[in-house]
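**Q** Take this structure, written in structure tokens, and hold onto it; I'll ask about it next.
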Amino acid sequence: MYEFSSRVRYSECAPDYSLSLAGLVNYLQDCATFHAENVGRSGQMLKKEGKAWMITNWRIRVDRYPRHGEFITTRTWGHGFKGLEALRNFTVKDAEGNLLAYADSRWCYFDMEEGRPIRIPDVEMEAYGIEEAFPMDRAPRHIKLPDEGYEEKQPFKVRTIHLDANGHVNNEQYISMALAYLPAGLKAREIRVEYLRQAHLGDVLAPRVYRRDGEYIVWLEIGGSVCCVMQFFV
């Protein structure tokens with residue numbers, strides 16, 4: 001288990017002075033990278049070895065978005081290894097220890113040269129270990145796309161600002177892209193994300209948006225192939 005404490009910055013906030021959803025996702029992602037460094041398996045080390053951890057699914061629940069200036073603690077731990085996947089939980093709490101948000105996630109161990117997931121090596125499993133899973137109700141792993149009733153939005157190209165150290169679109173960037181098609185000020189109480197394909201510099205992303213009471217689904221396609229699906233519950 002790993003945790004770090006911080007204070008919600010103005011640059012991480014939505015216009016209402018609360019932490020934005022993108023800001024929350026970045027806290028989770030940063031906590032995972034700090035955990036990796038703490039156990040001696042940093043992203044920089046893996047990059048030299050031609051390997052990387054790639055997230056395949058997010059499920060994030062939010063009880064309350066912390067306000068600007070609040071002190072918060074973000075915690076993460078691994079709770080299982082299944083086949084080619086590693087399972088990781090997260091929590092975010094306020095200064096009094098009240099639970100603000102919690103999440104579950106799935107990750108695969110990726111061979112960057114071969115361009116495919118591979119078996120998780122013992123050194124990784126031993127470094128992180130396994131702890132008890134956070135109690136969350138089960139949800140379908142895959143997000144079902146609607147056959148009709150969705151809007152096709154203007155395609156756009158992946159730019160350098162969307163990329164991370166692994167040379168592909170960062171997982172939080174997809175969420176930020178999707179939020180551009182949702183109502184201003186929307187506060188999602190739950191978000192599910194399914195990453196299906198990597199997007200790289202110059203790829204053309206075609207957004208699709210579906211709305212119904214209390215739910216939005218946004219997905220991005222590359223050449224007719226879905227690369228990321230995001231489902232927001234409000």
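We label chains A, B, ... in the order they appear in the structure tokens, count residues from 1 in each chain, and number ligands from 1 in the order shown.
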Env of stretch 212-214 of chain A: 12 Å cut, atoms = only C-alpha atoms, seq-sep filter 4 positions within chain, self excluded. Answer as JSON, numbers by chain.
**A** {"A": [146, 149, 150, 182, 183, 186, 187, 188, 189, 190, 191, 218, 231, 232, 233, 234]}
**Q** Would you export the selected residues with N, CA and C atoms as a PDB file, in the first residue's frame, please?
**A**
ATOM      1  N   PRO A 146     -24.481   1.942 -27.562  1.00  0.00           N
ATOM      2  CA  PRO A 146     -25.814   1.991 -28.169  1.00  0.00           C
ATOM      3  C   PRO A 146     -25.736   1.808 -29.685  1.00  0.00           C
ATOM      4  N   GLY A 149     -29.208   6.533 -31.769  1.00  0.00           N
ATOM      5  CA  GLY A 149     -29.501   7.623 -30.852  1.00  0.00           C
ATOM      6  C   GLY A 149     -28.295   8.407 -30.390  1.00  0.00           C
ATOM      7  N   TYR A 150     -27.137   8.186 -31.001  1.00  0.00           N
ATOM      8  CA  TYR A 150     -25.933   8.915 -30.601  1.00  0.00           C
ATOM      9  C   TYR A 150     -25.590   9.971 -31.652  1.00  0.00           C
ATOM     10  N   LEU A 182     -19.815  17.082 -22.695  1.00  0.00           N
ATOM     11  CA  LEU A 182     -20.824  16.977 -21.644  1.00  0.00           C
ATOM     12  C   LEU A 182     -21.207  18.365 -21.157  1.00  0.00           C
ATOM     13  N   PRO A 183     -22.351  18.495 -20.495  1.00  0.00           N
ATOM     14  CA  PRO A 183     -22.787  19.817 -20.017  1.00  0.00           C
ATOM     15  C   PRO A 183     -21.765  20.460 -19.091  1.00  0.00           C
ATOM     16  N   LEU A 186     -20.962  19.677 -15.102  1.00  0.00           N
ATOM     17  CA  LEU A 186     -21.429  18.349 -14.742  1.00  0.00           C
ATOM     18  C   LEU A 186     -20.524  17.722 -13.689  1.00  0.00           C
ATOM     19  N   LYS A 187     -21.131  17.134 -12.655  1.00  0.00           N
ATOM     20  CA  LYS A 187     -20.385  16.466 -11.589  1.00  0.00           C
ATOM     21  C   LYS A 187     -20.761  14.984 -11.601  1.00  0.00           C
ATOM     22  N   ALA A 188     -19.938  14.174 -12.201  1.00  0.00           N
ATOM     23  CA  ALA A 188     -20.224  12.740 -12.284  1.00  0.00           C
ATOM     24  C   ALA A 188     -20.051  12.095 -10.917  1.00  0.00           C
ATOM     25  N   ARG A 189     -21.002  11.255 -10.535  1.00  0.00           N
ATOM     26  CA  ARG A 189     -20.871  10.498  -9.286  1.00  0.00           C
ATOM     27  C   ARG A 189     -20.176   9.166  -9.536  1.00  0.00           C
ATOM     28  N   GLU A 190     -20.164   8.743 -10.789  1.00  0.00           N
ATOM     29  CA  GLU A 190     -19.444   7.522 -11.150  1.00  0.00           C
ATOM     30  C   GLU A 190     -18.998   7.631 -12.593  1.00  0.00           C
ATOM     31  N   ILE A 191     -17.813   7.096 -12.858  1.00  0.00           N
ATOM     32  CA  ILE A 191     -17.318   7.024 -14.225  1.00  0.00           C
ATOM     33  C   ILE A 191     -16.696   5.655 -14.449  1.00  0.00           C
ATOM     34  N   VAL A 218     -19.536   8.394 -23.989  1.00  0.00           N
ATOM     35  CA  VAL A 218     -18.716   9.004 -25.026  1.00  0.00           C
ATOM     36  C   VAL A 218     -17.675   7.981 -25.446  1.00  0.00           C
ATOM     37  N   GLN A 231     -18.177   6.074 -19.707  1.00  0.00           N
ATOM     38  CA  GLN A 231     -19.573   6.141 -19.262  1.00  0.00           C
ATOM     39  C   GLN A 231     -19.640   6.968 -17.986  1.00  0.00           C
ATOM     40  N   PHE A 232     -20.460   8.021 -18.003  1.00  0.00           N
ATOM     41  CA  PHE A 232     -20.586   8.926 -16.878  1.00  0.00           C
ATOM     42  C   PHE A 232     -21.989   8.836 -16.294  1.00  0.00           C
ATOM     43  N   PHE A 233     -22.080   8.668 -14.983  1.00  0.00           N
ATOM     44  CA  PHE A 233     -23.352   8.676 -14.273  1.00  0.00           C
ATOM     45  C   PHE A 233     -23.417   9.916 -13.398  1.00  0.00           C
ATOM     46  N   VAL A 234     -24.553  10.622 -13.423  1.00  0.00           N
ATOM     47  CA  VAL A 234     -24.665  11.873 -12.682  1.00  0.00           C
ATOM     48  C   VAL A 234     -25.792  11.806 -11.651  1.00  0.00           C
TER      49      VAL A 234
END
**Q** Write out as a Markdown table a residue-level contact list of stretch 36-74 of chain A versus stretch 4-9 of chain A with cut-off 8 Å: for each qualifying residue the closest pair of atoms and the distance in Å to one decimal, counting only C-alpha atoms, rows sorted by chain and residue number upward.
**A**
| residue | atom | partner | partner_atom | distance |
| --- | --- | --- | --- | --- |
| A:Pro66 | CA | A:Val8 | CA | 7.4 |
| A:Arg67 | CA | A:Val8 | CA | 6.9 |
| A:His68 | CA | A:Val8 | CA | 5.2 |
| A:Gly69 | CA | A:Val8 | CA | 5.0 |
| A:Glu70 | CA | A:Arg7 | CA | 5.4 |
| A:Phe71 | CA | A:Arg7 | CA | 4.3 |
| A:Ile72 | CA | A:Ser6 | CA | 5.6 |
| A:Thr73 | CA | A:Ser5 | CA | 4.2 |
| A:Thr74 | CA | A:Phe4 | CA | 5.6 |
**Q** Env of stretch 95-109 of chain A: 9 Å cut, atoms = only C-alpha atoms, seq-sep filter 3 positions within chain, self excluded. Answer as a PyMOL selection string.
**A** chain A and resi 24+28+51-66+70-73+84-92+116-121+133-134+136
**Q** Can you work out which one of A:Tyr128, A:Phe34, A:Trp219, A:Tyr2 has the shortest atom-to-atom distance to A:Tyr174, counting only C-alpha atoms?
**A**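 Going through A:Tyr128, A:Phe34, A:Trp219, A:Tyr2 one by one, the smallest distance to A:Tyr174 is for A:Trp219.
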**Q** For the structure I just gave you, how does DSSP split chain A - specifically, which residues are strand (DSSP E or B)? Reply as number ranges by chain.
**A** A: 2-7, 13, 18-19, 51-62, 67, 71-82, 85-94, 99-111, 116-118, 151-152, 156-157, 163, 169, 190-195, 204-212, 215-222, 225-233
